[in-house]
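Colleague: Sharing my_file.pdb, PDB, N, CA and C atoms:
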```
MODEL        1
ATOM      1  N   MET Z   1      -8.129   6.340  40.875  1.00  0.00           N
ATOM      2  CA  MET Z   1      -6.949   6.780  40.152  1.00  0.00           C
ATOM      3  C   MET Z   1      -6.281   5.603  39.454  1.00  0.00           C
ATOM      4  N   GLN Z   2      -6.153   4.506  40.140  1.00  0.00           N
ATOM      5  CA  GLN Z   2      -5.521   3.315  39.569  1.00  0.00           C
ATOM      6  C   GLN Z   2      -6.331   2.783  38.391  1.00  0.00           C
ATOM      7  N   GLN Z   3      -7.643   2.828  38.528  1.00  0.00           N
ATOM      8  CA  GLN Z   3      -8.521   2.323  37.471  1.00  0.00           C
ATOM      9  C   GLN Z   3      -8.446   3.208  36.234  1.00  0.00           C
ATOM     10  N   GLU Z   4      -8.341   4.511  36.419  1.00  0.00           N
ATOM     11  CA  GLU Z   4      -8.237   5.433  35.295  1.00  0.00           C
ATOM     12  C   GLU Z   4      -6.938   5.218  34.535  1.00  0.00           C
ATOM     13  N   ALA Z   5      -5.854   5.020  35.249  1.00  0.00           N
ATOM     14  CA  ALA Z   5      -4.561   4.776  34.611  1.00  0.00           C
ATOM     15  C   ALA Z   5      -4.588   3.459  33.837  1.00  0.00           C
ATOM     16  N   GLN Z   6      -5.237   2.467  34.403  1.00  0.00           N
ATOM     17  CA  GLN Z   6      -5.341   1.179  33.720  1.00  0.00           C
ATOM     18  C   GLN Z   6      -6.171   1.311  32.442  1.00  0.00           C
ATOM     19  N   ALA Z   7      -7.233   2.102  32.473  1.00  0.00           N
ATOM     20  CA  ALA Z   7      -8.064   2.314  31.285  1.00  0.00           C
ATOM     21  C   ALA Z   7      -7.289   3.056  30.206  1.00  0.00           C
ATOM     22  N   VAL Z   8      -6.495   4.035  30.615  1.00  0.00           N
ATOM     23  CA  VAL Z   8      -5.698   4.781  29.642  1.00  0.00           C
ATOM     24  C   VAL Z   8      -4.656   3.869  29.000  1.00  0.00           C
ATOM     25  N   LEU Z   9      -4.008   3.045  29.795  1.00  0.00           N
ATOM     26  CA  LEU Z   9      -3.022   2.112  29.246  1.00  0.00           C
ATOM     27  C   LEU Z   9      -3.678   1.073  28.345  1.00  0.00           C
ATOM     28  N   HIS Z  10      -4.868   0.665  28.687  1.00  0.00           N
ATOM     29  CA  HIS Z  10      -5.627  -0.290  27.879  1.00  0.00           C
ATOM     30  C   HIS Z  10      -5.896   0.313  26.495  1.00  0.00           C
ATOM     31  N   LEU Z  11      -6.354   1.548  26.459  1.00  0.00           N
ATOM     32  CA  LEU Z  11      -6.624   2.219  25.182  1.00  0.00           C
ATOM     33  C   LEU Z  11      -5.338   2.507  24.405  1.00  0.00           C
ATOM     34  N   PHE Z  12      -4.272   2.846  25.116  1.00  0.00           N
ATOM     35  CA  PHE Z  12      -2.993   3.087  24.452  1.00  0.00           C
ATOM     36  C   PHE Z  12      -2.472   1.828  23.786  1.00  0.00           C
ATOM     37  N   GLY Z  13      -2.565   0.700  24.487  1.00  0.00           N
ATOM     38  CA  GLY Z  13      -2.124  -0.566  23.912  1.00  0.00           C
ATOM     39  C   GLY Z  13      -2.957  -0.968  22.710  1.00  0.00           C
ATOM     40  N   ALA Z  14      -4.257  -0.745  22.784  1.00  0.00           N
ATOM     41  CA  ALA Z  14      -5.124  -1.076  21.654  1.00  0.00           C
ATOM     42  C   ALA Z  14      -4.821  -0.187  20.454  1.00  0.00           C
ATOM     43  N   SER Z  15      -4.601   1.097  20.688  1.00  0.00           N
ATOM     44  CA  SER Z  15      -4.307   1.991  19.573  1.00  0.00           C
ATOM     45  C   SER Z  15      -2.941   1.690  18.969  1.00  0.00           C
ATOM     46  N   LEU Z  16      -1.992   1.318  19.795  1.00  0.00           N
ATOM     47  CA  LEU Z  16      -0.678   0.933  19.290  1.00  0.00           C
ATOM     48  C   LEU Z  16      -0.781  -0.338  18.450  1.00  0.00           C
ATOM     49  N   GLY Z  17      -1.544  -1.301  18.931  1.00  0.00           N
ATOM     50  CA  GLY Z  17      -1.749  -2.527  18.167  1.00  0.00           C
ATOM     51  C   GLY Z  17      -2.465  -2.273  16.854  1.00  0.00           C
ATOM     52  N   LEU Z  18      -3.452  -1.410  16.861  1.00  0.00           N
ATOM     53  CA  LEU Z  18      -4.191  -1.076  15.647  1.00  0.00           C
ATOM     54  C   LEU Z  18      -3.268  -0.389  14.637  1.00  0.00           C
ATOM     55  N   GLY Z  19      -2.414   0.487  15.116  1.00  0.00           N
ATOM     56  CA  GLY Z  19      -1.454   1.141  14.229  1.00  0.00           C
ATOM     57  C   GLY Z  19      -0.488   0.154  13.606  1.00  0.00           C
ATOM     58  N   LEU Z  20      -0.008  -0.797  14.391  1.00  0.00           N
ATOM     59  CA  LEU Z  20       0.899  -1.814  13.856  1.00  0.00           C
ATOM     60  C   LEU Z  20       0.206  -2.706  12.835  1.00  0.00           C
ATOM     61  N   ILE Z  21      -1.065  -2.998  13.053  1.00  0.00           N
ATOM     62  CA  ILE Z  21      -1.822  -3.796  12.097  1.00  0.00           C
ATOM     63  C   ILE Z  21      -1.902  -3.079  10.759  1.00  0.00           C
ATOM     64  N   VAL Z  22      -2.238  -1.808  10.793  1.00  0.00           N
ATOM     65  CA  VAL Z  22      -2.390  -1.038   9.564  1.00  0.00           C
ATOM     66  C   VAL Z  22      -1.049  -0.890   8.843  1.00  0.00           C
ATOM     67  N   ILE Z  23       0.006  -0.637   9.583  1.00  0.00           N
ATOM     68  CA  ILE Z  23       1.327  -0.508   8.975  1.00  0.00           C
ATOM     69  C   ILE Z  23       1.764  -1.831   8.351  1.00  0.00           C
ATOM     70  N   GLY Z  24       1.581  -2.920   9.070  1.00  0.00           N
ATOM     71  CA  GLY Z  24       1.975  -4.225   8.538  1.00  0.00           C
ATOM     72  C   GLY Z  24       1.195  -4.615   7.302  1.00  0.00           C
ATOM     73  N   ALA Z  25      -0.104  -4.383   7.323  1.00  0.00           N
ATOM     74  CA  ALA Z  25      -0.915  -4.715   6.154  1.00  0.00           C
ATOM     75  C   ALA Z  25      -0.532  -3.831   4.970  1.00  0.00           C
ATOM     76  N   GLY Z  26      -0.288  -2.567   5.216  1.00  0.00           N
ATOM     77  CA  GLY Z  26       0.113  -1.666   4.133  1.00  0.00           C
ATOM     78  C   GLY Z  26       1.438  -2.061   3.513  1.00  0.00           C
ATOM     79  N   LEU Z  27       2.393  -2.435   4.342  1.00  0.00           N
ATOM     80  CA  LEU Z  27       3.689  -2.876   3.818  1.00  0.00           C
ATOM     81  C   LEU Z  27       3.558  -4.180   3.032  1.00  0.00           C
ATOM     82  N   GLY Z  28       2.768  -5.100   3.544  1.00  0.00           N
ATOM     83  CA  GLY Z  28       2.587  -6.368   2.849  1.00  0.00           C
ATOM     84  C   GLY Z  28       1.897  -6.196   1.508  1.00  0.00           C
ATOM     85  N   ILE Z  29       0.851  -5.389   1.472  1.00  0.00           N
ATOM     86  CA  ILE Z  29       0.129  -5.153   0.223  1.00  0.00           C
ATOM     87  C   ILE Z  29       1.022  -4.400  -0.763  1.00  0.00           C
ATOM     88  N   GLY Z  30       1.792  -3.456  -0.266  1.00  0.00           N
ATOM     89  CA  GLY Z  30       2.702  -2.707  -1.141  1.00  0.00           C
ATOM     90  C   GLY Z  30       3.769  -3.586  -1.757  1.00  0.00           C
ATOM     91  N   ARG Z  31       4.342  -4.469  -0.965  1.00  0.00           N
ATOM     92  CA  ARG Z  31       5.366  -5.372  -1.502  1.00  0.00           C
ATOM     93  C   ARG Z  31       4.777  -6.348  -2.507  1.00  0.00           C
ATOM     94  N   LEU Z  32       3.577  -6.823  -2.225  1.00  0.00           N
ATOM     95  CA  LEU Z  32       2.913  -7.749  -3.137  1.00  0.00           C
ATOM     96  C   LEU Z  32       2.592  -7.058  -4.460  1.00  0.00           C
ATOM     97  N   ALA Z  33       2.084  -5.842  -4.406  1.00  0.00           N
ATOM     98  CA  ALA Z  33       1.759  -5.105  -5.628  1.00  0.00           C
ATOM     99  C   ALA Z  33       3.019  -4.745  -6.408  1.00  0.00           C
ATOM    100  N   ALA Z  34       4.094  -4.402  -5.707  1.00  0.00           N
ATOM    101  CA  ALA Z  34       5.346  -4.076  -6.384  1.00  0.00           C
ATOM    102  C   ALA Z  34       5.920  -5.294  -7.108  1.00  0.00           C
ATOM    103  N   ALA Z  35       5.839  -6.450  -6.459  1.00  0.00           N
ATOM    104  CA  ALA Z  35       6.332  -7.669  -7.101  1.00  0.00           C
ATOM    105  C   ALA Z  35       5.486  -8.033  -8.321  1.00  0.00           C
ATOM    106  N   ALA Z  36       4.181  -7.837  -8.217  1.00  0.00           N
ATOM    107  CA  ALA Z  36       3.306  -8.120  -9.360  1.00  0.00           C
ATOM    108  C   ALA Z  36       3.595  -7.162 -10.511  1.00  0.00           C
ATOM    109  N   ALA Z  37       3.774  -5.881 -10.197  1.00  0.00           N
ATOM    110  CA  ALA Z  37       4.086  -4.912 -11.247  1.00  0.00           C
ATOM    111  C   ALA Z  37       5.424  -5.211 -11.901  1.00  0.00           C
ATOM    112  N   ASP Z  38       6.389  -5.640 -11.114  1.00  0.00           N
ATOM    113  CA  ASP Z  38       7.689  -6.011 -11.657  1.00  0.00           C
ATOM    114  C   ASP Z  38       7.567  -7.232 -12.568  1.00  0.00           C
ATOM    115  N   GLY Z  39       6.769  -8.195 -12.158  1.00  0.00           N
ATOM    116  CA  GLY Z  39       6.561  -9.383 -12.990  1.00  0.00           C
ATOM    117  C   GLY Z  39       5.864  -9.060 -14.300  1.00  0.00           C
ATOM    118  N   VAL Z  40       4.888  -8.182 -14.257  1.00  0.00           N
ATOM    119  CA  VAL Z  40       4.189  -7.790 -15.475  1.00  0.00           C
ATOM    120  C   VAL Z  40       5.121  -6.984 -16.382  1.00  0.00           C
ATOM    121  N   ALA Z  41       5.972  -6.147 -15.787  1.00  0.00           N
ATOM    122  CA  ALA Z  41       6.916  -5.368 -16.588  1.00  0.00           C
ATOM    123  C   ALA Z  41       7.941  -6.266 -17.268  1.00  0.00           C
ATOM    124  N   ARG Z  42       8.326  -7.340 -16.603  1.00  0.00           N
ATOM    125  CA  ARG Z  42       9.310  -8.252 -17.194  1.00  0.00           C
ATOM    126  C   ARG Z  42       8.691  -9.136 -18.279  1.00  0.00           C
ATOM    127  N   GLN Z  43       7.463  -9.533 -18.060  1.00  0.00           N
ATOM    128  CA  GLN Z  43       6.808 -10.430 -19.016  1.00  0.00           C
ATOM    129  C   GLN Z  43       5.346 -10.012 -19.196  1.00  0.00           C
ATOM    130  N   PRO Z  44       5.105  -9.060 -20.089  1.00  0.00           N
ATOM    131  CA  PRO Z  44       3.740  -8.558 -20.272  1.00  0.00           C
ATOM    132  C   PRO Z  44       2.745  -9.611 -20.768  1.00  0.00           C
ATOM    133  N   SER Z  45       3.226 -10.625 -21.435  1.00  0.00           N
ATOM    134  CA  SER Z  45       2.306 -11.650 -21.950  1.00  0.00           C
ATOM    135  C   SER Z  45       1.689 -12.487 -20.830  1.00  0.00           C
ATOM    136  N   ALA Z  46       2.305 -12.493 -19.665  1.00  0.00           N
ATOM    137  CA  ALA Z  46       1.804 -13.275 -18.530  1.00  0.00           C
ATOM    138  C   ALA Z  46       1.036 -12.415 -17.537  1.00  0.00           C
ATOM    139  N   ALA Z  47       0.591 -11.246 -17.966  1.00  0.00           N
ATOM    140  CA  ALA Z  47      -0.079 -10.317 -17.040  1.00  0.00           C
ATOM    141  C   ALA Z  47      -1.346 -10.921 -16.448  1.00  0.00           C
ATOM    142  N   ASP Z  48      -2.118 -11.648 -17.252  1.00  0.00           N
ATOM    143  CA  ASP Z  48      -3.352 -12.251 -16.742  1.00  0.00           C
ATOM    144  C   ASP Z  48      -3.065 -13.284 -15.661  1.00  0.00           C
ATOM    145  N   ARG Z  49      -2.075 -14.120 -15.897  1.00  0.00           N
ATOM    146  CA  ARG Z  49      -1.747 -15.150 -14.900  1.00  0.00           C
ATOM    147  C   ARG Z  49      -1.162 -14.544 -13.633  1.00  0.00           C
ATOM    148  N   ILE Z  50      -0.336 -13.512 -13.794  1.00  0.00           N
ATOM    149  CA  ILE Z  50       0.262 -12.865 -12.618  1.00  0.00           C
ATOM    150  C   ILE Z  50      -0.821 -12.188 -11.787  1.00  0.00           C
ATOM    151  N   THR Z  51      -1.728 -11.504 -12.457  1.00  0.00           N
ATOM    152  CA  THR Z  51      -2.816 -10.832 -11.743  1.00  0.00           C
ATOM    153  C   THR Z  51      -3.696 -11.834 -11.011  1.00  0.00           C
ATOM    154  N   ALA Z  52      -3.986 -12.949 -11.669  1.00  0.00           N
ATOM    155  CA  ALA Z  52      -4.811 -13.978 -11.030  1.00  0.00           C
ATOM    156  C   ALA Z  52      -4.097 -14.596  -9.831  1.00  0.00           C
ATOM    157  N   ALA Z  53      -2.792 -14.769  -9.941  1.00  0.00           N
ATOM    158  CA  ALA Z  53      -2.030 -15.371  -8.842  1.00  0.00           C
ATOM    159  C   ALA Z  53      -1.865 -14.414  -7.672  1.00  0.00           C
ATOM    160  N   VAL Z  54      -1.935 -13.128  -7.924  1.00  0.00           N
ATOM    161  CA  VAL Z  54      -1.742 -12.132  -6.864  1.00  0.00           C
ATOM    162  C   VAL Z  54      -3.042 -11.863  -6.109  1.00  0.00           C
ATOM    163  N   ASN Z  55      -4.178 -12.029  -6.764  1.00  0.00           N
ATOM    164  CA  ASN Z  55      -5.448 -11.647  -6.145  1.00  0.00           C
ATOM    165  C   ASN Z  55      -5.749 -12.410  -4.861  1.00  0.00           C
ATOM    166  N   LEU Z  56      -5.592 -13.710  -4.839  1.00  0.00           N
ATOM    167  CA  LEU Z  56      -5.939 -14.482  -3.647  1.00  0.00           C
ATOM    168  C   LEU Z  56      -5.097 -14.096  -2.427  1.00  0.00           C
ATOM    169  N   PRO Z  57      -3.758 -14.066  -2.525  1.00  0.00           N
ATOM    170  CA  PRO Z  57      -3.002 -13.635  -1.340  1.00  0.00           C
ATOM    171  C   PRO Z  57      -3.313 -12.204  -0.916  1.00  0.00           C
ATOM    172  N   LEU Z  58      -3.612 -11.348  -1.895  1.00  0.00           N
ATOM    173  CA  LEU Z  58      -3.960  -9.964  -1.570  1.00  0.00           C
ATOM    174  C   LEU Z  58      -5.248  -9.903  -0.764  1.00  0.00           C
ATOM    175  N   PHE Z  59      -6.246 -10.649  -1.188  1.00  0.00           N
ATOM    176  CA  PHE Z  59      -7.517 -10.672  -0.464  1.00  0.00           C
ATOM    177  C   PHE Z  59      -7.358 -11.300   0.919  1.00  0.00           C
ATOM    178  N   LEU Z  60      -6.554 -12.349   1.024  1.00  0.00           N
ATOM    179  CA  LEU Z  60      -6.331 -12.976   2.331  1.00  0.00           C
ATOM    180  C   LEU Z  60      -5.611 -12.032   3.288  1.00  0.00           C
ATOM    181  N   LEU Z  61      -4.634 -11.305   2.789  1.00  0.00           N
ATOM    182  CA  LEU Z  61      -3.909 -10.351   3.627  1.00  0.00           C
ATOM    183  C   LEU Z  61      -4.828  -9.243   4.110  1.00  0.00           C
ATOM    184  N   GLU Z  62      -5.663  -8.755   3.218  1.00  0.00           N
ATOM    185  CA  GLU Z  62      -6.610  -7.706   3.604  1.00  0.00           C
ATOM    186  C   GLU Z  62      -7.620  -8.243   4.620  1.00  0.00           C
ATOM    187  N   GLY Z  63      -8.055  -9.475   4.433  1.00  0.00           N
ATOM    188  CA  GLY Z  63      -9.005 -10.079   5.370  1.00  0.00           C
ATOM    189  C   GLY Z  63      -8.419 -10.258   6.757  1.00  0.00           C
ATOM    190  N   VAL Z  64      -7.172 -10.672   6.823  1.00  0.00           N
ATOM    191  CA  VAL Z  64      -6.516 -10.835   8.122  1.00  0.00           C
ATOM    192  C   VAL Z  64      -6.384  -9.491   8.824  1.00  0.00           C
ATOM    193  N   ALA Z  65      -6.054  -8.456   8.075  1.00  0.00           N
ATOM    194  CA  ALA Z  65      -5.936  -7.122   8.674  1.00  0.00           C
ATOM    195  C   ALA Z  65      -7.286  -6.640   9.201  1.00  0.00           C
ATOM    196  N   ILE Z  66      -8.348  -6.858   8.446  1.00  0.00           N
ATOM    197  CA  ILE Z  66      -9.678  -6.433   8.897  1.00  0.00           C
ATOM    198  C   ILE Z  66     -10.099  -7.209  10.142  1.00  0.00           C
ATOM    199  N   LEU Z  67      -9.850  -8.509  10.168  1.00  0.00           N
ATOM    200  CA  LEU Z  67     -10.187  -9.310  11.354  1.00  0.00           C
ATOM    201  C   LEU Z  67      -9.405  -8.840  12.581  1.00  0.00           C
ATOM    202  N   ALA Z  68      -8.141  -8.539  12.402  1.00  0.00           N
ATOM    203  CA  ALA Z  68      -7.337  -8.065  13.523  1.00  0.00           C
ATOM    204  C   ALA Z  68      -7.865  -6.732  14.045  1.00  0.00           C
ATOM    205  N   GLU Z  69      -8.271  -5.852  13.125  1.00  0.00           N
ATOM    206  CA  GLU Z  69      -8.845  -4.576  13.561  1.00  0.00           C
ATOM    207  C   GLU Z  69     -10.144  -4.790  14.332  1.00  0.00           C
ATOM    208  N   VAL Z  70     -10.966  -5.725  13.887  1.00  0.00           N
ATOM    209  CA  VAL Z  70     -12.215  -6.028  14.589  1.00  0.00           C
ATOM    210  C   VAL Z  70     -11.922  -6.571  15.981  1.00  0.00           C
ATOM    211  N   PHE Z  71     -10.926  -7.435  16.106  1.00  0.00           N
ATOM    212  CA  PHE Z  71     -10.577  -7.985  17.414  1.00  0.00           C
ATOM    213  C   PHE Z  71     -10.094  -6.896  18.356  1.00  0.00           C
ATOM    214  N   VAL Z  72      -9.289  -5.970  17.847  1.00  0.00           N
ATOM    215  CA  VAL Z  72      -8.812  -4.861  18.689  1.00  0.00           C
ATOM    216  C   VAL Z  72      -9.989  -4.005  19.157  1.00  0.00           C
ATOM    217  N   LEU Z  73     -10.918  -3.726  18.254  1.00  0.00           N
ATOM    218  CA  LEU Z  73     -12.077  -2.922  18.643  1.00  0.00           C
ATOM    219  C   LEU Z  73     -12.978  -3.664  19.623  1.00  0.00           C
ATOM    220  N   LEU Z  74     -13.064  -4.984  19.488  1.00  0.00           N
ATOM    221  CA  LEU Z  74     -13.837  -5.762  20.454  1.00  0.00           C
ATOM    222  C   LEU Z  74     -13.200  -5.699  21.846  1.00  0.00           C
ATOM    223  N   VAL Z  75     -11.887  -5.726  21.890  1.00  0.00           N
ATOM    224  CA  VAL Z  75     -11.194  -5.631  23.179  1.00  0.00           C
ATOM    225  C   VAL Z  75     -11.431  -4.256  23.801  1.00  0.00           C
ATOM    226  N   VAL Z  76     -11.405  -3.212  22.994  1.00  0.00           N
ATOM    227  CA  VAL Z  76     -11.576  -1.853  23.511  1.00  0.00           C
ATOM    228  C   VAL Z  76     -12.978  -1.653  24.053  1.00  0.00           C
ATOM    229  N   PHE Z  77     -13.999  -2.093  23.315  1.00  0.00           N
ATOM    230  CA  PHE Z  77     -15.372  -1.805  23.696  1.00  0.00           C
ATOM    231  C   PHE Z  77     -16.025  -2.887  24.553  1.00  0.00           C
ATOM    232  N   GLN Z  78     -15.256  -3.808  25.033  1.00  0.00           N
ATOM    233  CA  GLN Z  78     -15.811  -4.877  25.868  1.00  0.00           C
ATOM    234  C   GLN Z  78     -15.944  -4.418  27.288  1.00  0.00           C
TER     235      GLN Z  78
ENDMDL
END
```
Go ahead and express the file in the form of structure tokens.
Modeller:
Amino acid sequence: MQQEAQAVLHLFGASLGLGLIVIGAGLGIGRLAAAAADGVARQPSAADRITAAVNLPLFLLEGVAILAEVFVLLVVFQ
């Protein structure tokens, strides 16, 4: 009985962590895209530079979220 409860709590914690990862990454990507769109709207001539400057942080943020999801799944299936 104790072991079953511990397994359920283990899965609950992992699912809660996975949900927070997805929410955090979504909020970060949304704010980054909104700021880029605002910058392009203010100065359309700089759209190429703004897009280039946004791509690297966007890819890094997405990569961190994917790595965190992989770590959570490794903890669950270990």
Colleague: Which of these residues is nearest to Pro57 of chain Z, using all atoms listed in the file: Z:Ile23, Z:Leu32, Z:Phe12, Z:Gly17?
Modeller: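 Using all atoms listed in the file, Pro57 of chain Z sits closest to Z:Leu32.
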Colleague: Could you please determine the separation between atom CA of Ile21 of chain Z and atom CA of Ala65 of chain Z in Å, to one decimal place?
Modeller: 6.3 Å
Colleague: Each side padded by 5 Å, which centre and which edge lengths in Å (one decimal) define the axis-aligned box around the listed atoms of segment 36-50 of chain Z? Give them as JSON.
Modeller:
```
{"center_x": 3.0, "center_y": -10.0, "center_z": -15.1, "size_x": 22.7, "size_y": 20.2, "size_z": 23.7}
```
Colleague: My list of candidates is Z:Ile29, Z:Val40, Z:Val75, Z:Asn55. Which is closest to Ala14 of chain Z when distances are computed with all atoms listed in the file?
Modeller: Z:Val75
